[in-house]
>>> print(open('data.pdb').read())   # PDB, C-alpha atoms
ATOM      1  CA  MET A   1     112.887  94.210  88.324
ATOM      2  CA  ARG A   2     112.171  91.462  90.859
ATOM      3  CA  LYS A   3     115.367  89.452  91.283
ATOM      4  CA  HIS A   4     116.022  88.439  94.869
ATOM      5  CA  LEU A   5     119.603  87.707  95.792
ATOM      6  CA  THR A   6     120.694  84.735  97.870
ATOM      7  CA  GLY A   7     123.414  84.218 100.483
ATOM      8  CA  LEU A   8     121.988  86.595 103.070
ATOM      9  CA  GLY A   9     121.466  84.187 105.941
ATOM     10  CA  ALA A  10     124.851  84.555 107.618
ATOM     11  CA  LEU A  11     125.307  86.733 110.673
ATOM     12  CA  LEU A  12     121.620  87.499 111.185
ATOM     13  CA  THR A  13     121.418  86.302 114.773
ATOM     14  CA  ALA A  14     124.712  87.897 115.788
ATOM     15  CA  ALA A  15     123.783  91.197 114.200
ATOM     16  CA  THR A  16     120.393  91.231 115.858
ATOM     17  CA  LEU A  17     121.936  90.569 119.246
ATOM     18  CA  LEU A  18     124.491  93.310 118.681
ATOM     19  CA  ALA A  19     121.737  95.731 117.727
ATOM     20  CA  ALA A  20     119.768  94.797 120.831
ATOM     21  CA  CYS A  21     122.799  95.297 123.057
ATOM     22  CA  GLY A  22     124.088  98.580 121.726
ATOM     23  CA  GLY A  23     122.655  99.557 118.363
ATOM     24  CA  SER A  24     119.582 101.445 119.600
ATOM     25  CA  PRO A  25     119.509 104.742 121.492
ATOM     26  CA  SER A  26     118.407 104.887 125.128
ATOM     27  CA  GLY A  27     114.995 106.243 125.996
ATOM     28  CA  ASP A  28     116.439 109.658 126.858
ATOM     29  CA  GLU A  29     118.380 109.825 123.607
ATOM     30  CA  ALA A  30     115.398 108.704 121.557
ATOM     31  CA  GLY A  31     113.212 111.355 123.104
ATOM     32  CA  ALA A  32     115.735 114.057 122.277
ATOM     33  CA  SER A  33     114.984 113.968 118.545
ATOM     34  CA  GLU A  34     111.726 114.252 116.619
ATOM     35  CA  THR A  35     110.598 111.519 114.224
ATOM     36  CA  ARG A  36     108.459 111.358 111.108
ATOM     37  CA  GLU A  37     106.384 108.595 109.537
ATOM     38  CA  VAL A  38     107.514 107.349 106.129
ATOM     39  CA  LYS A  39     105.371 104.874 104.202
ATOM     40  CA  HIS A  40     107.364 102.272 102.278
ATOM     41  CA  ALA A  41     107.090  98.775 100.836
ATOM     42  CA  MET A  42     107.100  97.048 104.235
ATOM     43  CA  GLY A  43     104.765  99.408 106.094
ATOM     44  CA  VAL A  44     105.461 102.622 107.989
ATOM     45  CA  ALA A  45     108.840 103.586 109.431
ATOM     46  CA  GLU A  46     109.418 106.081 112.226
ATOM     47  CA  VAL A  47     112.508 107.916 111.016
ATOM     48  CA  PRO A  48     114.425 110.825 112.555
ATOM     49  CA  GLU A  49     113.443 114.294 111.432
ATOM     50  CA  ALA A  50     116.996 114.798 110.171
ATOM     51  CA  PRO A  51     118.846 111.458 109.862
ATOM     52  CA  LYS A  52     122.549 111.807 110.541
ATOM     53  CA  ARG A  53     123.881 108.236 110.427
ATOM     54  CA  VAL A  54     122.468 106.661 107.296
ATOM     55  CA  VAL A  55     123.443 103.250 105.912
ATOM     56  CA  VAL A  56     122.591 102.432 102.286
ATOM     57  CA  LEU A  57     122.459  98.904 100.919
ATOM     58  CA  ASP A  58     122.405  99.413  97.172
ATOM     59  CA  THR A  59     123.929 101.657  94.535
ATOM     60  CA  GLY A  60     120.870 103.809  93.849
ATOM     61  CA  GLU A  61     120.500 104.653  97.507
ATOM     62  CA  LEU A  62     124.150 105.728  97.714
ATOM     63  CA  ASP A  63     123.864 107.843  94.555
ATOM     64  CA  ASP A  64     120.623 109.482  95.683
ATOM     65  CA  ALA A  65     121.676 110.201  99.263
ATOM     66  CA  LEU A  66     124.881 111.881  98.094
ATOM     67  CA  ALA A  67     122.943 113.881  95.502
ATOM     68  CA  LEU A  68     120.780 115.227  98.337
ATOM     69  CA  GLY A  69     123.804 116.248 100.381
ATOM     70  CA  VAL A  70     123.667 113.329 102.834
ATOM     71  CA  LYS A  71     126.887 111.314 103.156
ATOM     72  CA  PRO A  72     126.059 107.833 104.474
ATOM     73  CA  VAL A  73     128.203 106.441 107.261
ATOM     74  CA  GLY A  74     128.091 103.025 105.598
ATOM     75  CA  ALA A  75     127.378 101.542 102.179
ATOM     76  CA  VAL A  76     127.715  98.282 100.275
ATOM     77  CA  ARG A  77     129.595  97.773  97.013
ATOM     78  CA  VAL A  78     128.647  95.754  93.938
ATOM     79  CA  ASP A  79     129.779  92.137  94.036
ATOM     80  CA  VAL A  80     132.396  92.394  91.239
ATOM     81  CA  ALA A  81     134.019  95.587  92.561
ATOM     82  CA  THR A  82     136.548  96.353  95.257
ATOM     83  CA  ASP A  83     135.364  99.914  95.816
ATOM     84  CA  PHE A  84     132.314 102.116  95.435
ATOM     85  CA  LEU A  85     131.106 103.129  91.965
ATOM     86  CA  SER A  86     133.752 105.141  90.149
ATOM     87  CA  TYR A  87     131.499 107.883  88.759
ATOM     88  CA  LEU A  88     130.814 109.145  92.294
ATOM     89  CA  GLY A  89     134.464 110.155  92.649
ATOM     90  CA  ASP A  90     135.551 111.620  95.965
ATOM     91  CA  GLN A  91     131.965 111.886  97.211
ATOM     92  CA  THR A  92     132.409 108.460  98.805
ATOM     93  CA  GLU A  93     135.527 109.299 100.804
ATOM     94  CA  GLY A  94     135.087 108.402 104.468
ATOM     95  CA  ILE A  95     132.140 106.044 103.908
ATOM     96  CA  GLU A  96     132.568 102.669 105.622
ATOM     97  CA  GLU A  97     132.094  99.613 103.434
ATOM     98  CA  VAL A  98     129.587  97.190 104.976
ATOM     99  CA  GLY A  99     129.821  94.255 102.582
ATOM    100  CA  THR A 100     128.331  93.672  99.141
ATOM    101  CA  ILE A 101     124.809  94.106  97.826
ATOM    102  CA  SER A 102     124.207  90.359  97.964
ATOM    103  CA  GLU A 103     125.873  89.911 101.373
ATOM    104  CA  PRO A 104     125.658  92.999 103.584
ATOM    105  CA  ASN A 105     127.597  92.593 106.823
ATOM    106  CA  LEU A 106     125.002  93.076 109.536
ATOM    107  CA  GLU A 107     127.551  93.230 112.329
ATOM    108  CA  LYS A 108     129.347  96.102 110.610
ATOM    109  CA  ILE A 109     126.041  97.859 109.982
ATOM    110  CA  ALA A 110     125.010  97.586 113.636
ATOM    111  CA  ALA A 111     128.453  98.744 114.800
ATOM    112  CA  LEU A 112     127.959 102.011 112.893
ATOM    113  CA  ASP A 113     124.914 102.774 115.071
ATOM    114  CA  PRO A 114     122.789 104.014 112.148
ATOM    115  CA  ASP A 115     119.596 105.992 112.618
ATOM    116  CA  LEU A 116     118.236 105.054 109.151
ATOM    117  CA  ILE A 117     118.782 102.228 106.645
ATOM    118  CA  LEU A 118     117.758 102.475 102.981
ATOM    119  CA  SER A 119     117.313  99.565 100.553
ATOM    120  CA  SER A 120     114.658  97.742  98.512
ATOM    121  CA  THR A 121     112.588  94.575  98.807
ATOM    122  CA  VAL A 122     114.257  93.261  95.656
ATOM    123  CA  ARG A 123     117.569  93.200  97.477
ATOM    124  CA  HIS A 124     116.831  92.745 101.146
ATOM    125  CA  GLU A 125     113.232  91.849 101.954
ATOM    126  CA  ALA A 126     114.515  88.563 103.400
ATOM    127  CA  ILE A 127     116.483  90.363 106.124
ATOM    128  CA  TYR A 128     114.142  93.302 106.678
ATOM    129  CA  GLU A 129     113.339  92.313 110.268
ATOM    130  CA  GLN A 130     117.019  92.078 111.161
ATOM    131  CA  LEU A 131     117.759  95.427 109.535
ATOM    132  CA  ASN A 132     114.780  97.065 111.212
ATOM    133  CA  ALA A 133     116.008  95.772 114.576
ATOM    134  CA  ILE A 134     119.211  97.734 114.003
ATOM    135  CA  ALA A 135     117.586 100.989 112.829
ATOM    136  CA  PRO A 136     114.416 102.229 111.111
ATOM    137  CA  THR A 137     114.561 100.698 107.634
ATOM    138  CA  VAL A 138     112.874 102.040 104.506
ATOM    139  CA  LEU A 139     112.557  99.688 101.511
ATOM    140  CA  ALA A 140     111.489 100.590  97.984
ATOM    141  CA  PRO A 141     109.255  97.980  96.318
ATOM    142  CA  ASP A 142     111.230  97.603  93.085
ATOM    143  CA  LEU A 143     114.317  98.606  91.092
ATOM    144  CA  GLY A 144     115.304  99.785  87.619
ATOM    145  CA  ASP A 145     112.502 101.645  85.866
ATOM    146  CA  THR A 146     111.164 102.839  89.237
ATOM    147  CA  TRP A 147     114.341 104.828  89.948
ATOM    148  CA  LYS A 148     112.520 108.180  90.125
ATOM    149  CA  ASP A 149     109.915 106.854  92.567
ATOM    150  CA  ASN A 150     112.731 105.321  94.612
ATOM    151  CA  PHE A 151     114.560 108.642  94.659
ATOM    152  CA  LEU A 152     111.441 110.366  95.987
ATOM    153  CA  LEU A 153     110.975 107.665  98.647
ATOM    154  CA  TYR A 154     114.559 107.969  99.873
ATOM    155  CA  ALA A 155     114.255 111.756  99.769
ATOM    156  CA  ASP A 156     111.146 111.496 101.927
ATOM    157  CA  ALA A 157     113.075 109.391 104.435
ATOM    158  CA  LEU A 158     115.868 111.977 104.427
ATOM    159  CA  ASN A 159     113.348 114.851 104.664
ATOM    160  CA  LYS A 160     114.531 116.331 101.372
ATOM    161  CA  THR A 161     111.540 115.833  99.093
ATOM    162  CA  ASP A 162     111.544 119.348  97.631
ATOM    163  CA  GLU A 163     115.166 119.020  96.556
ATOM    164  CA  ALA A 164     114.500 115.657  94.907
ATOM    165  CA  LYS A 165     111.437 116.892  93.031
ATOM    166  CA  LYS A 166     113.438 119.798  91.610
ATOM    167  CA  MET A 167     116.251 117.485  90.509
ATOM    168  CA  ILE A 168     113.803 115.212  88.715
ATOM    169  CA  ALA A 169     112.022 118.130  87.045
ATOM    170  CA  ASP A 170     115.341 119.588  85.882
ATOM    171  CA  PHE A 171     116.466 116.211  84.584
ATOM    172  CA  GLU A 172     113.256 115.626  82.639
ATOM    173  CA  SER A 173     113.457 119.102  81.120
ATOM    174  CA  ASP A 174     117.087 118.590  80.080
ATOM    175  CA  ALA A 175     116.310 115.131  78.670
ATOM    176  CA  ALA A 176     113.374 116.403  76.616
ATOM    177  CA  ALA A 177     115.460 119.244  75.190
ATOM    178  CA  LEU A 178     118.305 116.891  74.287
ATOM    179  CA  GLY A 179     115.901 114.432  72.703
ATOM    180  CA  LYS A 180     114.592 117.108  70.350
ATOM    181  CA  THR A 181     118.143 117.851  69.274
ATOM    182  CA  VAL A 182     119.081 114.197  68.786
ATOM    183  CA  GLY A 183     115.817 113.480  66.999
ATOM    184  CA  SER A 184     112.631 112.262  68.610
ATOM    185  CA  GLY A 185     111.721 108.690  67.703
ATOM    186  CA  LYS A 186     115.304 107.560  67.133
ATOM    187  CA  THR A 187     116.361 104.210  68.557
ATOM    188  CA  LEU A 188     119.254 103.558  70.928
ATOM    189  CA  SER A 189     120.620 100.217  72.095
ATOM    190  CA  ILE A 190     122.539  99.537  75.269
ATOM    191  CA  VAL A 191     124.273  96.166  75.074
ATOM    192  CA  ARG A 192     125.821  94.905  78.308
ATOM    193  CA  PHE A 193     128.227  91.977  78.435
ATOM    194  CA  LEU A 194     128.234  89.868  81.609
ATOM    195  CA  PRO A 195     129.843  86.494  82.322
ATOM    196  CA  GLY A 196     127.799  84.004  80.304
ATOM    197  CA  GLN A 197     125.195  86.584  79.300
ATOM    198  CA  ILE A 198     124.506  89.418  76.862
ATOM    199  CA  ARG A 199     121.769  91.890  77.730
ATOM    200  CA  LEU A 200     119.889  94.304  75.491
ATOM    201  CA  TYR A 201     118.180  96.803  77.784
ATOM    202  CA  SER A 202     114.467  97.462  77.404
ATOM    203  CA  ASP A 203     112.214 100.458  77.836
ATOM    204  CA  LYS A 204     111.373  99.061  81.293
ATOM    205  CA  SER A 205     114.843  99.645  82.706
ATOM    206  CA  PHE A 206     116.834 102.448  84.314
ATOM    207  CA  THR A 207     118.260 103.549  80.973
ATOM    208  CA  GLY A 208     114.971 102.863  79.210
ATOM    209  CA  VAL A 209     113.301 105.539  81.343
ATOM    210  CA  ILE A 210     116.067 107.996  80.424
ATOM    211  CA  LEU A 211     115.501 107.270  76.738
ATOM    212  CA  GLY A 212     111.748 107.687  77.217
ATOM    213  CA  ASP A 213     112.321 111.116  78.772
ATOM    214  CA  MET A 214     114.296 111.999  75.637
ATOM    215  CA  GLY A 215     111.602 110.753  73.274
ATOM    216  CA  LEU A 216     113.871 107.930  72.090
ATOM    217  CA  THR A 217     113.180 104.219  72.243
ATOM    218  CA  VAL A 218     114.889 100.826  72.279
ATOM    219  CA  PRO A 219     114.889  98.219  69.488
ATOM    220  CA  GLU A 220     111.483  96.693  68.853
ATOM    221  CA  LYS A 221     112.281  93.225  70.168
ATOM    222  CA  ALA A 222     113.342  94.683  73.530
ATOM    223  CA  LEU A 223     110.124  96.672  74.004
ATOM    224  CA  GLY A 224     108.125  95.555  77.022
ATOM    225  CA  GLU A 225     110.780  93.182  78.351
ATOM    226  CA  ASP A 226     111.351  93.164  82.109
ATOM    227  CA  THR A 227     114.559  95.216  82.360
ATOM    228  CA  HIS A 228     116.379  93.508  79.492
ATOM    229  CA  LEU A 229     116.203  91.006  76.672
ATOM    230  CA  GLU A 230     118.842  88.297  76.942
ATOM    231  CA  ILE A 231     120.427  87.607  73.562
ATOM    232  CA  SER A 232     122.965  85.083  72.311
ATOM    233  CA  PRO A 233     126.090  85.935  70.285
ATOM    234  CA  GLU A 234     124.125  84.779  67.234
ATOM    235  CA  GLN A 235     121.357  87.302  68.001
ATOM    236  CA  VAL A 236     123.451  90.455  68.320
ATOM    237  CA  THR A 237     121.853  92.019  65.252
ATOM    238  CA  THR A 238     118.744  92.322  67.442
ATOM    239  CA  ALA A 239     120.549  95.340  68.916
ATOM    240  CA  GLN A 240     120.341  97.217  65.615
ATOM    241  CA  ALA A 241     119.488 100.866  66.318
ATOM    242  CA  ASP A 242     120.365 104.395  65.271
ATOM    243  CA  HIS A 243     122.842 104.618  68.145
ATOM    244  CA  LEU A 244     124.648 101.842  69.976
ATOM    245  CA  TYR A 245     126.254 101.779  73.438
ATOM    246  CA  VAL A 246     128.294  98.953  74.956
ATOM    247  CA  SER A 247     129.317  98.162  78.546
ATOM    248  CA  THR A 248     130.956  95.317  80.458
ATOM    249  CA  TYR A 249     130.048  94.070  83.935
ATOM    250  CA  GLY A 250     133.114  92.676  85.647
ATOM    251  CA  PRO A 251     136.328  91.551  83.914
ATOM    252  CA  GLU A 252     135.961  91.666  80.127
ATOM    253  CA  GLY A 253     137.835  88.372  79.797
ATOM    254  CA  ASP A 254     135.006  86.618  81.640
ATOM    255  CA  THR A 255     132.513  87.641  78.938
ATOM    256  CA  ASP A 256     131.964  87.047  75.194
ATOM    257  CA  LYS A 257     132.563  90.713  74.395
ATOM    258  CA  ALA A 258     135.802  90.324  72.406
ATOM    259  CA  LYS A 259     134.373  87.406  70.451
ATOM    260  CA  VAL A 260     131.134  89.196  69.613
ATOM    261  CA  LEU A 261     132.645  92.567  68.733
ATOM    262  CA  GLY A 262     135.207  90.854  66.527
ATOM    263  CA  GLY A 263     132.624  88.676  64.790
ATOM    264  CA  PRO A 264     130.956  89.168  61.392
ATOM    265  CA  LEU A 265     127.408  89.606  62.742
ATOM    266  CA  TRP A 266     128.403  92.607  64.858
ATOM    267  CA  GLN A 267     130.072  94.218  61.862
ATOM    268  CA  ARG A 268     126.814  94.038  59.914
ATOM    269  CA  ILE A 269     124.944  96.312  62.330
ATOM    270  CA  PRO A 270     124.512  99.702  60.569
ATOM    271  CA  ALA A 271     125.565 101.701  63.652
ATOM    272  CA  VAL A 272     128.789  99.676  63.759
ATOM    273  CA  GLU A 273     129.376 100.223  60.046
ATOM    274  CA  SER A 274     128.893 103.975  60.465
ATOM    275  CA  GLY A 275     131.078 104.160  63.578
ATOM    276  CA  ASP A 276     128.190 105.192  65.857
ATOM    277  CA  VAL A 277     129.207 102.847  68.676
ATOM    278  CA  HIS A 278     130.207 104.162  72.092
ATOM    279  CA  ASP A 279     131.490 102.670  75.323
ATOM    280  CA  ILE A 280     129.598 103.541  78.486
ATOM    281  CA  ASN A 281     130.991 103.198  81.999
ATOM    282  CA  ASP A 282     129.267 100.131  83.425
ATOM    283  CA  ASP A 283     129.216 101.767  86.846
ATOM    284  CA  LEU A 284     126.667 104.223  85.436
ATOM    285  CA  LEU A 285     124.362 101.339  84.512
ATOM    286  CA  SER A 286     124.819  99.918  88.007
ATOM    287  CA  GLY A 287     124.171 103.294  89.626
ATOM    288  CA  ILE A 288     120.394 103.509  89.117
ATOM    289  CA  GLY A 289     120.322 106.949  90.767
ATOM    290  CA  ILE A 290     119.832 110.570  89.821
ATOM    291  CA  GLN A 291     123.547 111.296  89.467
ATOM    292  CA  ALA A 292     124.080 108.303  87.187
ATOM    293  CA  ALA A 293     121.124 109.452  85.075
ATOM    294  CA  GLN A 294     122.566 112.962  84.843
ATOM    295  CA  GLN A 295     125.956 111.640  83.762
ATOM    296  CA  ILE A 296     124.447 109.305  81.162
ATOM    297  CA  LEU A 297     122.497 112.242  79.753
ATOM    298  CA  ALA A 298     125.676 114.329  79.662
ATOM    299  CA  GLN A 299     127.451 111.564  77.727
ATOM    300  CA  PHE A 300     124.580 111.344  75.244
ATOM    301  CA  GLU A 301     124.737 115.097  74.737
ATOM    302  CA  LYS A 302     128.471 114.948  74.062
ATOM    303  CA  GLU A 303     128.344 112.022  71.635
ATOM    304  CA  LEU A 304     124.967 112.181  69.895
ATOM    305  CA  VAL A 305     124.531 115.865  69.118
TER     306      VAL A 305
END
>>> encode(input="data.pdb", output="structure tokens")
Amino acid sequence: MRKHLTGLGALLTAATLLAACGGSPSGDEAGASETREVKHAMGVAEVPEAPKRVVVLDTGELDDALALGVKPVGAVRVDVATDFLSYLGDQTEGIEEVGTISEPNLEKIAALDPDLILSSTVRHEAIYEQLNAIAPTVLAPDLGDTWKDNFLLYADALNKTDEAKKMIADFESDAAALGKTVGSGKTLSIVRFLPGQIRLYSDKSFTGVILGDMGLTVPEKALGEDTHLEISPEQVTTAQADHLYVSTYGPEGDTDKAKVLGGPLWQRIPAVESGDVHDINDDLLSGIGIQAAQQILAQFEKELV
């Protein structure tokens, strides 16, 4: 997934000046803690041995850090939300909001005096230098189907690689076992309604990887697509599969969801006719982290077995 976001130019100079004035530790303070080298998409970062003031600039980073027992001091929210992702519950209490994914507030980030910043090039390559001037910044090279690699990268930065590897191994084992119960080779569609857009998620997506771990697949026309296949209301039968899941990004009234689900083409899909259609919390699709993956798997186990 390589979709750069715009609108990041504001506040760069001010934030950089603030970081230069007070965002970095003094020489004595810096020498008081050990550092480690972490290779990432933009080079090598010198990060603290045990980061204590972490800022995360996307949903996967927030999910993953919390899963590893690290509560960030600051995090962004998705553009259509007023709070952090709902499935994380009270884990996010006390975390300072530092803007949205598309427009992180660099002044707020610098004011938190972070010792590590986590993000990806897809989101924030354009402001990497400004972020790195505030604190050591580690960027993953991609999003979506690389969520496991991203988790391991962030775990490396947090010095918790062993914990992350175990979580991934446990997840893959649970997914494989569930897939055998559901029926290997079955198809599953995830249809997401956005303003002006309908997406059918592919095997090269966050959820596509989960399905692959289960031995399930997506509809044929979505195979190989970069993250998702965009379909029109007249193409909804493309989503035909053994199991069907539906989500909505943002206010439902801003999308074609009601029109499509109430239309004759939707009713012709066999999974709809048999009642095998389920709602999925859109925050889970936005999460792109280990906890979101675990919760999606738990929902599949509850509804598909």
>>> atom_distance(input="data.pdb", atom1="atom CA of Ala222 of chain A", atom2="atom CA of Thr237 of chain A")
12.2 Å
>>> closest_residue(input="data.pdb", among="A:Ser189, A:Gln291, A:Ser274, A:Ser202", to="Ala241 of chain A", atoms="all atoms listed in the file")
A:Ser189
>>> resolve_selection(input="data.pdb", expression="the PyMOL selection byres ((chain A and resi 52-57) around 10)", output="PyMOL selection string")
chain A and resi 48-51+58-65+70-78+95-104+109-110+112-120+123-124+135-139+158
>>> atom_distance(input="data.pdb", atom1="atom CA of Ala126 of chain A", atom2="atom CA of Pro141 of chain A")
12.9 Å
>>> residues_near_point(input="data.pdb", point="(108.9, 95.5, 82.5)", cutoff="8 Å", atoms="all atoms listed in the file", output="PyMOL selection string")
chain A and resi 1+145+202-205+224-227
>>> resolve_selection(input="data.pdb", expression="the PyMOL selection byres ((chain A and resi 147) around 9)", output="VMD selection string")
chain A and resid 60 142 to 146 148 to 152 205 to 206 209 288 to 290
>>> write_last_selection(input="data.pdb", atoms="C-alpha atoms", output="mmCIF file, in the coordinates of the input")
data_model
loop_
_atom_site.group_PDB
_atom_site.id
_atom_site.type_symbol
_atom_site.label_atom_id
_atom_site.label_comp_id
_atom_site.auth_asym_id
_atom_site.auth_seq_id
_atom_site.Cartn_x
_atom_site.Cartn_y
_atom_site.Cartn_z
ATOM 1 C CA GLY A 60 120.870 103.809 93.849
ATOM 2 C CA ASP A 142 111.230 97.603 93.085
ATOM 3 C CA LEU A 143 114.317 98.606 91.092
ATOM 4 C CA GLY A 144 115.304 99.785 87.619
ATOM 5 C CA ASP A 145 112.502 101.645 85.866
ATOM 6 C CA THR A 146 111.164 102.839 89.237
ATOM 7 C CA LYS A 148 112.520 108.180 90.125
ATOM 8 C CA ASP A 149 109.915 106.854 92.567
ATOM 9 C CA ASN A 150 112.731 105.321 94.612
ATOM 10 C CA PHE A 151 114.560 108.642 94.659
ATOM 11 C CA LEU A 152 111.441 110.366 95.987
ATOM 12 C CA SER A 205 114.843 99.645 82.706
ATOM 13 C CA PHE A 206 116.834 102.448 84.314
ATOM 14 C CA VAL A 209 113.301 105.539 81.343
ATOM 15 C CA ILE A 288 120.394 103.509 89.117
ATOM 16 C CA GLY A 289 120.322 106.949 90.767
ATOM 17 C CA ILE A 290 119.832 110.570 89.821
#
>>> atom_distance(input="data.pdb", atom1="atom CA of Asp242 of chain A", atom2="atom CA of Ala271 of chain A")
6.1 Å
>>> closest_residue(input="data.pdb", among="A:Val236, A:Ile190, A:Leu297, A:Ile134", to="Glu172 of chain A", atoms="all atoms listed in the file")
A:Leu297
>>> resolve_selection(input="data.pdb", expression="the PyMOL selection byres ((chain A and resi 43) around 12)", output="list in words")
Glu37, Val38, Lys39, His40, Ala41, Met42, Val44, Ala45, Glu46, Thr121, Tyr128, Glu129, Asn132, Pro136, Thr137, Val138, Leu139, Ala140 and Pro141 of chain A
>>> residues_around(input="data.pdb", residues="Gly263 of chain A", least_positions_apart="4", cutoff="12 Å", atoms="all atoms listed in the file", output="VMD selection string")
chain A and resid 233 to 237 256 to 259 267 to 269 272
>>> closest_residue(input="data.pdb", among="A:Ile210, A:Val260, A:Leu244, A:Leu194", to="Glu230 of chain A", atoms="all atoms listed in the file")
A:Leu194
>>> closest_residue(input="data.pdb", among="A:Gln130, A:Thr187, A:Ser86, A:Thr161", to="Asp282 of chain A", atoms="all atoms listed in the file")
A:Ser86
